[in-house]
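Peer 1: Just one file: structure_28.cif, with mmCIF, C-alpha atoms.
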data_query
#
loop_
_atom_site.label_atom_id
_atom_site.label_comp_id
_atom_site.auth_asym_id
_atom_site.auth_seq_id
_atom_site.Cartn_x
_atom_site.Cartn_y
_atom_site.Cartn_z
CA MET A 1 -12.53 -23.24 -34.00
CA THR A 2 -15.35 -21.98 -36.24
CA ASP A 3 -14.95 -19.31 -38.94
CA THR A 4 -17.03 -16.91 -36.82
CA ALA A 5 -14.79 -17.45 -33.80
CA LEU A 6 -11.70 -16.87 -35.92
CA THR A 7 -13.22 -13.66 -37.28
CA MET A 8 -13.79 -12.42 -33.72
CA GLU A 9 -10.40 -13.66 -32.46
CA ARG A 10 -8.10 -12.10 -35.04
CA PRO A 11 -9.06 -8.43 -34.46
CA GLY A 12 -8.67 -9.03 -30.72
CA GLU A 13 -5.20 -10.48 -31.27
CA ARG A 14 -4.17 -7.53 -33.44
CA ARG A 15 -5.43 -5.00 -30.89
CA ALA A 16 -3.79 -6.93 -28.05
CA ALA A 17 -0.47 -6.95 -29.91
CA LEU A 18 -0.62 -3.15 -29.86
CA LEU A 19 -2.27 -2.50 -26.48
CA LEU A 20 -0.34 -4.87 -24.21
CA PRO A 21 3.13 -3.48 -25.11
CA LEU A 22 1.75 0.05 -24.70
CA LEU A 23 0.43 -0.82 -21.24
CA ALA A 24 3.76 -2.43 -20.31
CA PHE A 25 5.61 0.71 -21.45
CA GLY A 26 3.11 2.86 -19.53
CA CYS A 27 3.75 0.84 -16.35
CA ALA A 28 7.52 1.25 -16.75
CA ALA A 29 7.15 5.01 -17.30
CA ALA A 30 4.75 5.35 -14.37
CA PHE A 31 7.15 3.38 -12.15
CA VAL A 32 9.96 5.82 -12.99
CA LEU A 33 7.61 8.76 -12.40
CA SER A 34 6.57 7.28 -9.05
CA VAL A 35 10.21 6.99 -7.96
CA ALA A 36 11.01 10.52 -9.16
CA ILE A 37 8.08 12.42 -7.61
CA GLY A 38 7.63 13.09 -3.93
CA PRO A 39 7.79 15.76 -1.21
CA VAL A 40 11.58 15.92 -1.68
CA GLY A 41 12.51 16.90 -5.22
CA LEU A 42 15.19 14.72 -6.82
CA SER A 43 16.71 15.03 -10.26
CA LEU A 44 17.01 12.04 -12.61
CA GLY A 45 20.77 12.15 -12.11
CA GLU A 46 20.42 11.92 -8.34
CA ILE A 47 18.02 8.96 -8.68
CA VAL A 48 20.36 7.10 -11.05
CA ALA A 49 23.33 7.81 -8.78
CA ALA A 50 21.41 6.57 -5.73
CA ILE A 51 20.46 3.33 -7.48
CA ALA A 52 23.94 2.78 -8.91
CA GLY A 53 25.58 3.58 -5.57
CA THR A 54 27.78 6.27 -7.09
CA GLY A 55 26.15 9.24 -5.36
CA HIS A 56 27.40 10.84 -2.16
CA ASP A 57 24.03 12.14 -0.96
CA GLU A 58 22.99 9.67 1.72
CA THR A 59 19.56 11.31 2.11
CA ALA A 60 18.78 10.89 -1.59
CA ARG A 61 19.96 7.28 -1.43
CA ASN A 62 17.70 6.49 1.53
CA ILE A 63 14.70 8.18 -0.08
CA VAL A 64 15.10 6.31 -3.38
CA LEU A 65 16.14 2.87 -2.15
CA ASP A 66 14.29 2.60 1.15
CA LEU A 67 11.10 4.56 0.46
CA ARG A 68 10.19 5.19 -3.14
CA ILE A 69 11.30 2.03 -4.95
CA PRO A 70 9.61 -0.41 -2.53
CA ARG A 71 6.50 1.79 -2.50
CA SER A 72 6.41 1.81 -6.31
CA LEU A 73 6.98 -1.96 -6.39
CA MET A 74 4.07 -2.37 -3.96
CA ALA A 75 1.85 -0.17 -6.16
CA LEU A 76 2.80 -2.28 -9.17
CA ALA A 77 2.01 -5.55 -7.39
CA VAL A 78 -1.22 -4.32 -5.78
CA GLY A 79 -2.55 -2.87 -9.03
CA ALA A 80 -1.69 -6.02 -10.99
CA GLY A 81 -3.37 -8.19 -8.36
CA LEU A 82 -6.55 -6.10 -8.26
CA GLY A 83 -6.78 -5.95 -12.06
CA ALA A 84 -6.15 -9.64 -12.66
CA GLY A 85 -8.40 -10.62 -9.75
CA GLY A 86 -11.22 -8.52 -11.19
CA ALA A 87 -10.79 -10.15 -14.61
CA ALA A 88 -10.94 -13.62 -13.03
CA MET A 89 -14.07 -12.82 -11.02
CA GLN A 90 -15.83 -11.24 -13.99
CA GLY A 91 -15.10 -14.38 -15.99
CA LEU A 92 -16.16 -16.70 -13.18
CA PHE A 93 -19.47 -14.89 -12.57
CA ARG A 94 -19.90 -14.14 -16.30
CA ASN A 95 -20.66 -10.56 -15.31
CA PRO A 96 -18.52 -7.52 -16.22
CA LEU A 97 -19.67 -5.75 -13.04
CA ALA A 98 -18.18 -8.39 -10.73
CA ASP A 99 -15.05 -7.87 -8.65
CA PRO A 100 -13.25 -9.64 -5.75
CA THR A 101 -15.45 -7.98 -3.12
CA LEU A 102 -18.29 -10.29 -4.20
CA ILE A 103 -16.56 -13.32 -2.70
CA GLY A 104 -15.72 -11.56 0.56
CA VAL A 105 -12.02 -10.76 0.07
CA SER A 106 -12.20 -7.10 1.03
CA GLY A 107 -14.92 -7.55 3.66
CA GLY A 108 -13.12 -10.39 5.43
CA ALA A 109 -9.85 -8.46 5.42
CA ALA A 110 -11.57 -5.35 6.77
CA LEU A 111 -13.35 -7.23 9.57
CA PHE A 112 -10.21 -8.99 10.83
CA ALA A 113 -8.09 -5.85 10.45
CA ALA A 114 -10.60 -3.85 12.47
CA SER A 115 -10.67 -6.63 15.10
CA PHE A 116 -6.88 -6.51 15.38
CA ILE A 117 -6.92 -2.72 15.67
CA VAL A 118 -9.47 -2.84 18.51
CA PHE A 119 -8.28 -5.95 20.36
CA GLY A 120 -4.69 -6.40 19.14
CA GLY A 121 -3.27 -4.49 22.08
CA ALA A 122 -4.25 -7.39 24.32
CA VAL A 123 -2.13 -9.83 22.28
CA HIS A 124 1.27 -10.08 23.98
CA PHE A 125 2.52 -13.45 22.73
CA ILE A 126 3.51 -12.21 19.24
CA PRO A 127 7.33 -11.95 18.98
CA GLU A 128 8.67 -8.46 18.40
CA ALA A 129 10.08 -9.45 14.99
CA LEU A 130 6.58 -10.43 13.80
CA ARG A 131 4.60 -7.49 15.18
CA PHE A 132 4.94 -5.65 11.85
CA TYR A 133 2.87 -8.40 10.24
CA GLY A 134 0.20 -8.42 12.95
CA MET A 135 -2.55 -6.39 11.28
CA PRO A 136 -1.71 -7.44 7.68
CA GLY A 137 -1.61 -11.05 8.86
CA ALA A 138 -5.01 -10.70 10.53
CA ALA A 139 -6.45 -9.06 7.41
CA PHE A 140 -5.08 -11.81 5.15
CA ILE A 141 -6.48 -14.53 7.42
CA GLY A 142 -9.83 -12.73 7.41
CA ALA A 143 -9.92 -12.51 3.61
CA VAL A 144 -9.17 -16.20 3.16
CA THR A 145 -11.52 -17.28 5.97
CA VAL A 146 -14.53 -15.39 4.62
CA VAL A 147 -13.85 -16.56 1.05
CA LEU A 148 -13.69 -20.19 2.21
CA LEU A 149 -16.93 -19.71 4.17
CA ILE A 150 -18.71 -18.30 1.13
CA LYS A 151 -17.33 -21.09 -1.03
CA ARG A 152 -18.53 -23.71 1.47
CA LEU A 153 -22.01 -22.16 1.58
CA SER A 154 -22.22 -22.25 -2.22
CA GLN A 155 -21.36 -25.94 -2.57
CA ARG A 156 -23.96 -28.62 -3.25
CA GLU A 157 -23.09 -32.26 -3.89
CA GLY A 158 -19.44 -31.36 -4.40
CA ARG A 159 -20.17 -28.63 -6.97
CA THR A 160 -19.70 -24.90 -6.46
CA GLU A 161 -22.74 -23.02 -7.75
CA VAL A 162 -21.65 -19.60 -8.99
CA ALA A 163 -25.09 -18.01 -8.59
CA THR A 164 -25.32 -19.30 -5.00
CA MET A 165 -21.79 -18.02 -4.35
CA LEU A 166 -22.90 -14.56 -5.43
CA LEU A 167 -25.91 -14.60 -3.10
CA ALA A 168 -23.87 -16.08 -0.24
CA GLY A 169 -21.28 -13.36 -0.78
CA ILE A 170 -23.91 -10.64 -0.51
CA ALA A 171 -25.32 -12.14 2.71
CA VAL A 172 -21.94 -12.77 4.36
CA ASN A 173 -20.66 -9.33 3.37
CA ALA A 174 -23.72 -7.80 5.05
CA VAL A 175 -22.85 -9.66 8.27
CA VAL A 176 -19.22 -8.59 7.94
CA MET A 177 -20.22 -4.93 7.55
CA ALA A 178 -22.37 -5.24 10.68
CA GLY A 179 -19.37 -6.63 12.55
CA ILE A 180 -17.20 -3.74 11.37
CA GLY A 181 -19.92 -1.32 12.49
CA LEU A 182 -19.97 -2.89 15.95
CA LEU A 183 -16.17 -2.68 16.22
CA THR A 184 -16.31 0.94 15.12
CA PHE A 185 -18.85 1.62 17.86
CA VAL A 186 -16.65 0.20 20.65
CA ALA A 187 -13.32 1.56 19.31
CA THR A 188 -11.50 4.44 20.98
CA ASP A 189 -10.93 7.67 19.06
CA ALA A 190 -7.41 6.60 18.09
CA GLN A 191 -8.57 3.15 17.01
CA LEU A 192 -11.46 4.65 15.05
CA ARG A 193 -9.05 6.89 13.18
CA THR A 194 -6.84 3.90 12.32
CA ILE A 195 -9.84 1.87 11.10
CA THR A 196 -11.03 4.79 8.98
CA PHE A 197 -7.67 5.33 7.31
CA TRP A 198 -7.21 1.59 6.72
CA ASN A 199 -10.61 1.42 5.02
CA LEU A 200 -9.62 4.33 2.76
CA GLY A 201 -6.43 2.59 1.60
CA SER A 202 -2.85 3.84 1.53
CA LEU A 203 0.57 2.87 0.21
CA GLY A 204 2.28 5.17 2.71
CA GLY A 205 3.52 2.37 4.97
CA SER A 206 4.95 0.26 2.16
CA GLY A 207 8.55 -0.91 2.47
CA TRP A 208 10.71 -3.77 1.31
CA ARG A 209 9.22 -6.18 3.86
CA SER A 210 5.66 -5.68 2.64
CA ALA A 211 6.56 -5.41 -1.05
CA LEU A 212 8.53 -8.67 -0.98
CA VAL A 213 5.52 -10.42 0.57
CA VAL A 214 2.87 -9.10 -1.83
CA ALA A 215 4.84 -9.29 -5.10
CA PRO A 216 5.45 -13.09 -5.10
CA ILE A 217 1.85 -13.79 -4.03
CA THR A 218 0.60 -11.57 -6.87
CA ALA A 219 2.87 -13.39 -9.34
CA ALA A 220 1.49 -16.75 -8.16
CA MET A 221 -2.08 -15.44 -8.54
CA LEU A 222 -1.38 -14.29 -12.08
CA ALA A 223 0.07 -17.70 -12.95
CA LEU A 224 -3.02 -19.51 -11.59
CA CYS A 225 -5.37 -17.16 -13.45
CA LEU A 226 -3.48 -17.75 -16.70
CA VAL A 227 -3.60 -21.52 -16.15
CA SER A 228 -7.40 -21.24 -15.85
CA ALA A 229 -7.80 -18.79 -18.76
CA ARG A 230 -8.97 -21.34 -21.34
CA ALA A 231 -11.44 -22.81 -18.85
CA LEU A 232 -12.83 -19.30 -18.27
CA ASP A 233 -13.23 -18.84 -22.02
CA ALA A 234 -15.17 -22.10 -22.19
CA MET A 235 -17.32 -21.21 -19.17
CA MET A 236 -18.56 -18.12 -21.03
CA LEU A 237 -20.67 -20.62 -22.98
CA GLY A 238 -21.97 -22.17 -19.75
CA GLU A 239 -20.53 -24.65 -17.26
CA ARG A 240 -22.16 -27.66 -18.89
CA GLU A 241 -20.74 -26.72 -22.29
CA ALA A 242 -17.29 -26.17 -20.74
CA HIS A 243 -17.45 -29.64 -19.16
CA THR A 244 -18.48 -31.11 -22.52
CA LEU A 245 -15.43 -29.49 -24.10
CA GLY A 246 -13.23 -31.40 -21.64
CA PHE A 247 -12.50 -28.78 -18.97
CA ASP A 248 -12.50 -29.64 -15.28
CA VAL A 249 -14.83 -26.82 -14.31
CA GLU A 250 -14.80 -27.47 -10.56
CA THR A 251 -11.00 -27.50 -10.38
CA ALA A 252 -10.86 -24.27 -12.38
CA LYS A 253 -13.34 -22.59 -10.02
CA ARG A 254 -11.40 -23.71 -6.95
CA LEU A 255 -8.11 -22.47 -8.42
CA LEU A 256 -9.61 -19.10 -9.28
CA VAL A 257 -11.24 -18.54 -5.90
CA ILE A 258 -8.06 -19.55 -4.04
CA ALA A 259 -5.87 -17.44 -6.34
CA VAL A 260 -8.00 -14.31 -5.98
CA ALA A 261 -8.42 -14.79 -2.22
CA GLY A 262 -4.65 -15.05 -1.82
CA GLY A 263 -3.57 -12.32 -4.23
CA VAL A 264 -6.18 -9.67 -3.53
CA GLY A 265 -6.25 -10.62 0.16
CA ALA A 266 -2.49 -10.02 0.46
CA ALA A 267 -2.75 -6.67 -1.33
CA THR A 268 -5.69 -5.54 0.81
CA ALA A 269 -3.97 -6.72 3.99
CA PHE A 270 -1.02 -4.35 3.53
CA THR A 271 -2.67 -1.37 1.80
CA GLY A 272 -6.27 -1.35 3.02
CA MET A 273 -9.34 -1.02 0.81
CA ILE A 274 -8.66 0.17 -2.74
CA VAL A 275 -11.85 0.18 -4.76
CA PHE A 276 -12.90 0.30 -8.42
CA VAL A 277 -9.61 -0.88 -9.93
CA GLY A 278 -10.85 -4.49 -9.93
CA ILE A 279 -13.93 -3.46 -11.92
CA VAL A 280 -12.65 -0.73 -14.22
CA ALA A 281 -9.32 -2.22 -15.36
CA PRO A 282 -10.61 -5.55 -16.76
CA HIS A 283 -13.72 -3.84 -18.13
CA MET A 284 -11.67 -1.32 -20.14
CA VAL A 285 -9.30 -4.00 -21.43
CA ARG A 286 -12.20 -6.25 -22.46
CA ILE A 287 -13.71 -3.43 -24.51
CA ALA A 288 -10.36 -2.85 -26.23
CA ILE A 289 -9.15 -6.39 -27.00
CA GLY A 290 -12.11 -8.71 -26.49
CA PRO A 291 -13.00 -11.42 -23.97
CA SER A 292 -10.15 -13.91 -24.41
CA HIS A 293 -9.00 -14.39 -20.80
CA ARG A 294 -5.39 -15.19 -21.62
CA ARG A 295 -4.94 -11.67 -22.96
CA LEU A 296 -7.53 -10.13 -20.65
CA VAL A 297 -5.80 -11.21 -17.43
CA ILE A 298 -2.45 -9.84 -18.61
CA GLY A 299 -3.99 -6.60 -19.89
CA ALA A 300 -6.06 -6.07 -16.72
CA ALA A 301 -2.98 -6.67 -14.55
CA LEU A 302 -0.96 -4.11 -16.54
CA LEU A 303 -3.74 -1.52 -16.56
CA GLY A 304 -4.44 -2.07 -12.86
CA ALA A 305 -0.76 -1.54 -12.08
CA LEU A 306 -0.69 1.61 -14.23
CA LEU A 307 -3.79 3.03 -12.53
CA ILE A 308 -2.45 2.42 -9.01
CA LEU A 309 0.99 3.86 -9.84
CA LEU A 310 -0.55 7.05 -11.26
CA ALA A 311 -3.11 7.30 -8.45
CA ASP A 312 -0.32 7.01 -5.87
CA VAL A 313 1.59 9.82 -7.57
CA LEU A 314 -1.53 11.99 -7.37
CA CYS A 315 -1.93 11.11 -3.69
CA ARG A 316 1.52 12.50 -2.98
CA ILE A 317 1.33 15.77 -4.93
CA VAL A 318 -2.27 17.02 -4.57
CA ILE A 319 -1.96 18.19 -0.94
CA ALA A 320 1.80 17.77 -0.41
CA PRO A 321 3.45 17.26 2.02
CA ALA A 322 0.34 15.42 3.30
CA GLU A 323 -1.11 12.49 1.35
CA LEU A 324 -4.59 11.66 0.16
CA PRO A 325 -5.83 8.10 0.80
CA ILE A 326 -5.43 6.17 -2.45
CA GLY A 327 -8.91 4.68 -2.14
CA VAL A 328 -10.35 8.19 -2.39
CA VAL A 329 -8.37 8.89 -5.58
CA THR A 330 -9.33 5.61 -7.27
CA SER A 331 -12.99 6.25 -6.41
CA LEU A 332 -12.90 9.82 -7.73
CA ILE A 333 -11.29 8.64 -10.97
CA GLY A 334 -12.97 5.27 -11.38
CA ALA A 335 -16.59 6.02 -10.47
CA PRO A 336 -17.24 8.83 -13.01
CA PHE A 337 -15.41 6.94 -15.74
CA PHE A 338 -17.37 3.79 -15.06
CA LEU A 339 -20.64 5.72 -15.02
CA GLY A 340 -19.66 7.12 -18.40
CA LEU A 341 -19.18 3.59 -19.73
CA LEU A 342 -22.57 2.55 -18.37
CA LEU A 343 -24.30 5.53 -20.01
CA LYS A 344 -22.51 4.82 -23.28
CA GLY A 345 -23.64 1.22 -23.16
CA ARG A 346 -27.20 2.30 -22.40
CA ARG A 347 -27.28 4.63 -25.42
CA GLU A 348 -26.01 1.80 -27.60
CA GLY A 349 -28.61 -0.58 -26.20
CA SER A 350 -26.07 -2.90 -24.55
CA VAL A 351 -26.63 -3.91 -20.92
CA LEU A 352 -23.11 -5.29 -20.49
CA LEU A 353 -21.45 -2.63 -22.63
#
What is this file in structure tokens?
Peer 2:
Amino acid sequence: MTDTALTMERPGERRAALLLPLLAFGCAAAFVLSVAIGPVGLSLGEIVAAIAGTGHDETARNIVLDLRIPRSLMALAVGAGLGAGGAAMQGLFRNPLADPTLIGVSGGAALFAASFIVFGGAVHFIPEALRFYGMPGAAFIGAVTVVLLIKRLSQREGRTEVATMLLAGIAVNAVVMAGIGLLTFVATDAQLRTITFWNLGSLGGSGWRSALVVAPITAAMLALCLVSARALDAMMLGEREAHTLGFDVETAKRLLVIAVAGGVGAATAFTGMIVFVGIVAPHMVRIAIGPSHRRLVIGAALLGALLILLADVLCRIVIAPAELPIGVVTSLIGAPFFLGLLLKGRREGSVLL
């Protein structure tokens, strides 16, 4: 490593040594806050007693163990997946404005979810025990299918061209949006309402079944992103340079696309569309600790989890006992903040901030 690289690396390491533990502590505190806050007020003692099994209030025990803890675990997993997925896509496209929607994850999930909402009533062969996973399963299949289609369209002579993948993603996403528009047109009023709320995102239906599906998939995605972190660092110099340095660029790209399709697809399948976290979280962490993807993926996952946990708390208290869609909250928080970053970068003469 050159002296210049070391000079750039050491400040990033020092800042990461401070920021990452702070983010981890913030996630733990937000998790506790998420369990404590809700339409039914519970004291810290009641929560501890419910978890320890020493309390006699069965209602408090059901609220804490069956509703709030799995919902908070889902928020943690979804936020981590969106943040880490955004960091991986920004590294892959070498563009800090990229996020998983560019490769069709959200669009594919939305199209297949809307299809299941409109036509799922005609499907009678699904066993009763699996009906809970019907729409999430359709959304996950849609996310993976569209990602694989975009990846296939972007391949030439066995190589995946990132620029072509971006253009293919834009074109395929346009077709997907047209399909969703057509389904919206033929849907009944009840189906239209379901499609609308799914597209706005919500953690309201989260339970142990969904949390225990999404959490392991998110953990696997994080592991694959970390395995590819050094290759992403090298690809910042260009794919040819990364290959010269000894990295298997094509394998790294395949791993990243599969990891993000699986992790973000699973999160989107169960919670609907949650926007801006995949852009804002890695972008903020990169500004703070630099572009090293080993630290960036971890930091983006922690910040994404923190943002989703806090956004979900806001969803529950702003218009209690009703809930705001979490996608609305993340947009209201993320869009102005991101515009502020863009304006700051423009004043400083930096296109990529």
Peer 1: For Leu22 in chain A, which residue out of A:Val329, A:Phe337, A:Leu303, A:Gly134 is the nearest one, using all atoms listed in the file?
Peer 2: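 When distances to Leu22 in chain A are compared using all atoms listed in the file, the smallest one comes from A:Leu303.
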Peer 1: From the list A:Leu296, A:Leu256, A:Met236, A:Leu33, which residue is nearest Val313 in chain A when using only C-alpha atoms?
Peer 2: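 The closest residue to Val313 in chain A is A:Leu33.
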Peer 1: Convert the output of the PyMOL selection byres ((chain A and resi 176) around 12) on the shown file into explicit residues, formatted as a compact mmCIF listing (two decimals) with C-alpha atoms, in the coordinates of the input.
Peer 2:
# COMPACT_ATOMS: atom_id res chain seq x y z
CA THR A 101 -15.45 -7.98 -3.12
CA ILE A 103 -16.56 -13.32 -2.70
CA GLY A 104 -15.72 -11.56 0.56
CA VAL A 105 -12.02 -10.76 0.07
CA SER A 106 -12.20 -7.10 1.03
CA GLY A 107 -14.92 -7.55 3.66
CA GLY A 108 -13.12 -10.39 5.43
CA ALA A 109 -9.85 -8.46 5.42
CA ALA A 110 -11.57 -5.35 6.77
CA LEU A 111 -13.35 -7.23 9.57
CA PHE A 112 -10.21 -8.99 10.83
CA ALA A 113 -8.09 -5.85 10.45
CA ALA A 114 -10.60 -3.85 12.47
CA SER A 115 -10.67 -6.63 15.10
CA GLY A 142 -9.83 -12.73 7.41
CA ALA A 143 -9.92 -12.51 3.61
CA THR A 145 -11.52 -17.28 5.97
CA VAL A 146 -14.53 -15.39 4.62
CA VAL A 147 -13.85 -16.56 1.05
CA LEU A 149 -16.93 -19.71 4.17
CA ILE A 150 -18.71 -18.30 1.13
CA GLY A 169 -21.28 -13.36 -0.78
CA ILE A 170 -23.91 -10.64 -0.51
CA ALA A 171 -25.32 -12.14 2.71
CA VAL A 172 -21.94 -12.77 4.36
CA ASN A 173 -20.66 -9.33 3.37
CA ALA A 174 -23.72 -7.80 5.05
CA VAL A 175 -22.85 -9.66 8.27
CA MET A 177 -20.22 -4.93 7.55
CA ALA A 178 -22.37 -5.24 10.68
CA GLY A 179 -19.37 -6.63 12.55
CA ILE A 180 -17.20 -3.74 11.37
CA GLY A 181 -19.92 -1.32 12.49
CA LEU A 182 -19.97 -2.89 15.95
CA LEU A 183 -16.17 -2.68 16.22
Peer 1: What does the structure give for the distance between CA of Ala60 in chain A and CA of Ile47 in chain A, in Å to one decimal?
Peer 2: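 Answer for the CA of Ala60 in chain A to CA of Ile47 in chain A separation: 7.4 Å.
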Peer 1: Between CA of Cys225 in chain A and CA of Gly86 in chain A, what is the spacing in Å?
Peer 2: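 Going from CA of Gly86 in chain A over to CA of Cys225 in chain A, I get 10.7 Å.
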Peer 1: For each of A:Ser43, A:Ser72, A:Thr160, A:Thr330, take the minimum atom-to-atom distance to Gly207 in chain A, counting all atoms listed in the file, then give the residue where this is smallest.
Peer 2: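 Comparing A:Ser43, A:Ser72, A:Thr160, A:Thr330 against Gly207 in chain A, the winner is A:Ser72.
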Peer 1: In Å, with one decimal, what is the gap from CA of Ile117 in chain A to CA of Ile274 in chain A?
Peer 2: 18.7 Å
Peer 1: Within 6 Å of (-5.2, -3.5, -3.5), in the coordinates the file gives, what residues turn up when you count all atoms listed in the file, written out as an MDAnalysis selection string?
Peer 2: chainID A and resid 78 82 267:268 274
Peer 1: Using all atoms listed in the file for the distances, tell me which of A:Val318, A:Ala77, A:Ala29, A:Val277 is nearest to Ile333 in chain A.
Peer 2: A:Val277
Peer 1: Please determine the residues with any atom at most 6 Å from (-7.9, -2.9, -14.2) (coordinates as given in the file, with all atoms listed in the file counting) and report them as a ChimeraX atom specification.
Peer 2: /A:83,277-278,280-282,300,303-304
Peer 1: Residue by residue, what does the PyMOL selection byres ((chain A and resi 238) around 12) grab here? Present the result as a compact mmCIF listing (two decimals) with C-alpha atoms, keeping the file's coordinate frame.
Peer 2:
# COMPACT_ATOMS: atom_id res chain seq x y z
CA GLY A 91 -15.10 -14.38 -15.99
CA LEU A 92 -16.16 -16.70 -13.18
CA PHE A 93 -19.47 -14.89 -12.57
CA ARG A 94 -19.90 -14.14 -16.30
CA VAL A 162 -21.65 -19.60 -8.99
CA ALA A 231 -11.44 -22.81 -18.85
CA LEU A 232 -12.83 -19.30 -18.27
CA ASP A 233 -13.23 -18.84 -22.02
CA ALA A 234 -15.17 -22.10 -22.19
CA MET A 235 -17.32 -21.21 -19.17
CA MET A 236 -18.56 -18.12 -21.03
CA LEU A 237 -20.67 -20.62 -22.98
CA GLU A 239 -20.53 -24.65 -17.26
CA ARG A 240 -22.16 -27.66 -18.89
CA GLU A 241 -20.74 -26.72 -22.29
CA ALA A 242 -17.29 -26.17 -20.74
CA HIS A 243 -17.45 -29.64 -19.16
CA THR A 244 -18.48 -31.11 -22.52
CA LEU A 245 -15.43 -29.49 -24.10
CA PHE A 247 -12.50 -28.78 -18.97
CA VAL A 249 -14.83 -26.82 -14.31
Peer 1: Kindly list the centre and edge lengths in Å, rounded to one decimal, for the axis-aligned box that covers all listed atoms of range 23-26 of chain A plus 4 Å on each of its six sides, as JSON.
Peer 2:
{"center_x": 3.0, "center_y": 0.2, "center_z": -20.5, "size_x": 13.2, "size_y": 13.3, "size_z": 9.9}
Peer 1: So, counting all atoms listed in the file, which residue among A:Phe276, A:Trp208, A:Trp198, A:Phe270 is closest to Leu65 in chain A?
Peer 2: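 That would be A:Trp208, the residue with the smallest distance to Leu65 in chain A.
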Peer 1: Skip Ala288 in chain A itself and residues of its chain fewer than 4 positions away, then list as number ranges by chain all residues within 10 Å of it, counting all atoms listed in the file.
Peer 2: A: 12, 15-16, 19, 282-284, 296, 299
Peer 1: How would the residues just chosen look if you wrote them out with C-alpha atoms as a PDB file, in the frame of the given file?
Peer 2:
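As written to disk, selection20.pdb reads:
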ATOM      1  CA  GLY A  12      -8.670  -9.030 -30.720  1.00  0.00           C
ATOM      2  CA  ARG A  15      -5.430  -5.000 -30.890  1.00  0.00           C
ATOM      3  CA  ALA A  16      -3.790  -6.930 -28.050  1.00  0.00           C
ATOM      4  CA  LEU A  19      -2.270  -2.500 -26.480  1.00  0.00           C
ATOM      5  CA  PRO A 282     -10.610  -5.550 -16.760  1.00  0.00           C
ATOM      6  CA  HIS A 283     -13.720  -3.840 -18.130  1.00  0.00           C
ATOM      7  CA  MET A 284     -11.670  -1.320 -20.140  1.00  0.00           C
ATOM      8  CA  LEU A 296      -7.530 -10.130 -20.650  1.00  0.00           C
ATOM      9  CA  GLY A 299      -3.990  -6.600 -19.890  1.00  0.00           C
TER      10      GLY A 299
END
Peer 1: For this structure, which residues satisfy the selection - the PyMOL selection byres ((chain A and resi 140) around 8) - when it is evaluated on the file as given? I want them as a list in words.
Peer 2: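 The output of the PyMOL selection byres ((chain A and resi 140) around 8) on this file is Ala109, Pro136, Gly137, Ala138, Ala139, Ile141, Gly142, Ala143, Val144, Gly262, Gly265, Ala266, Thr268 and Ala269 of chain A.
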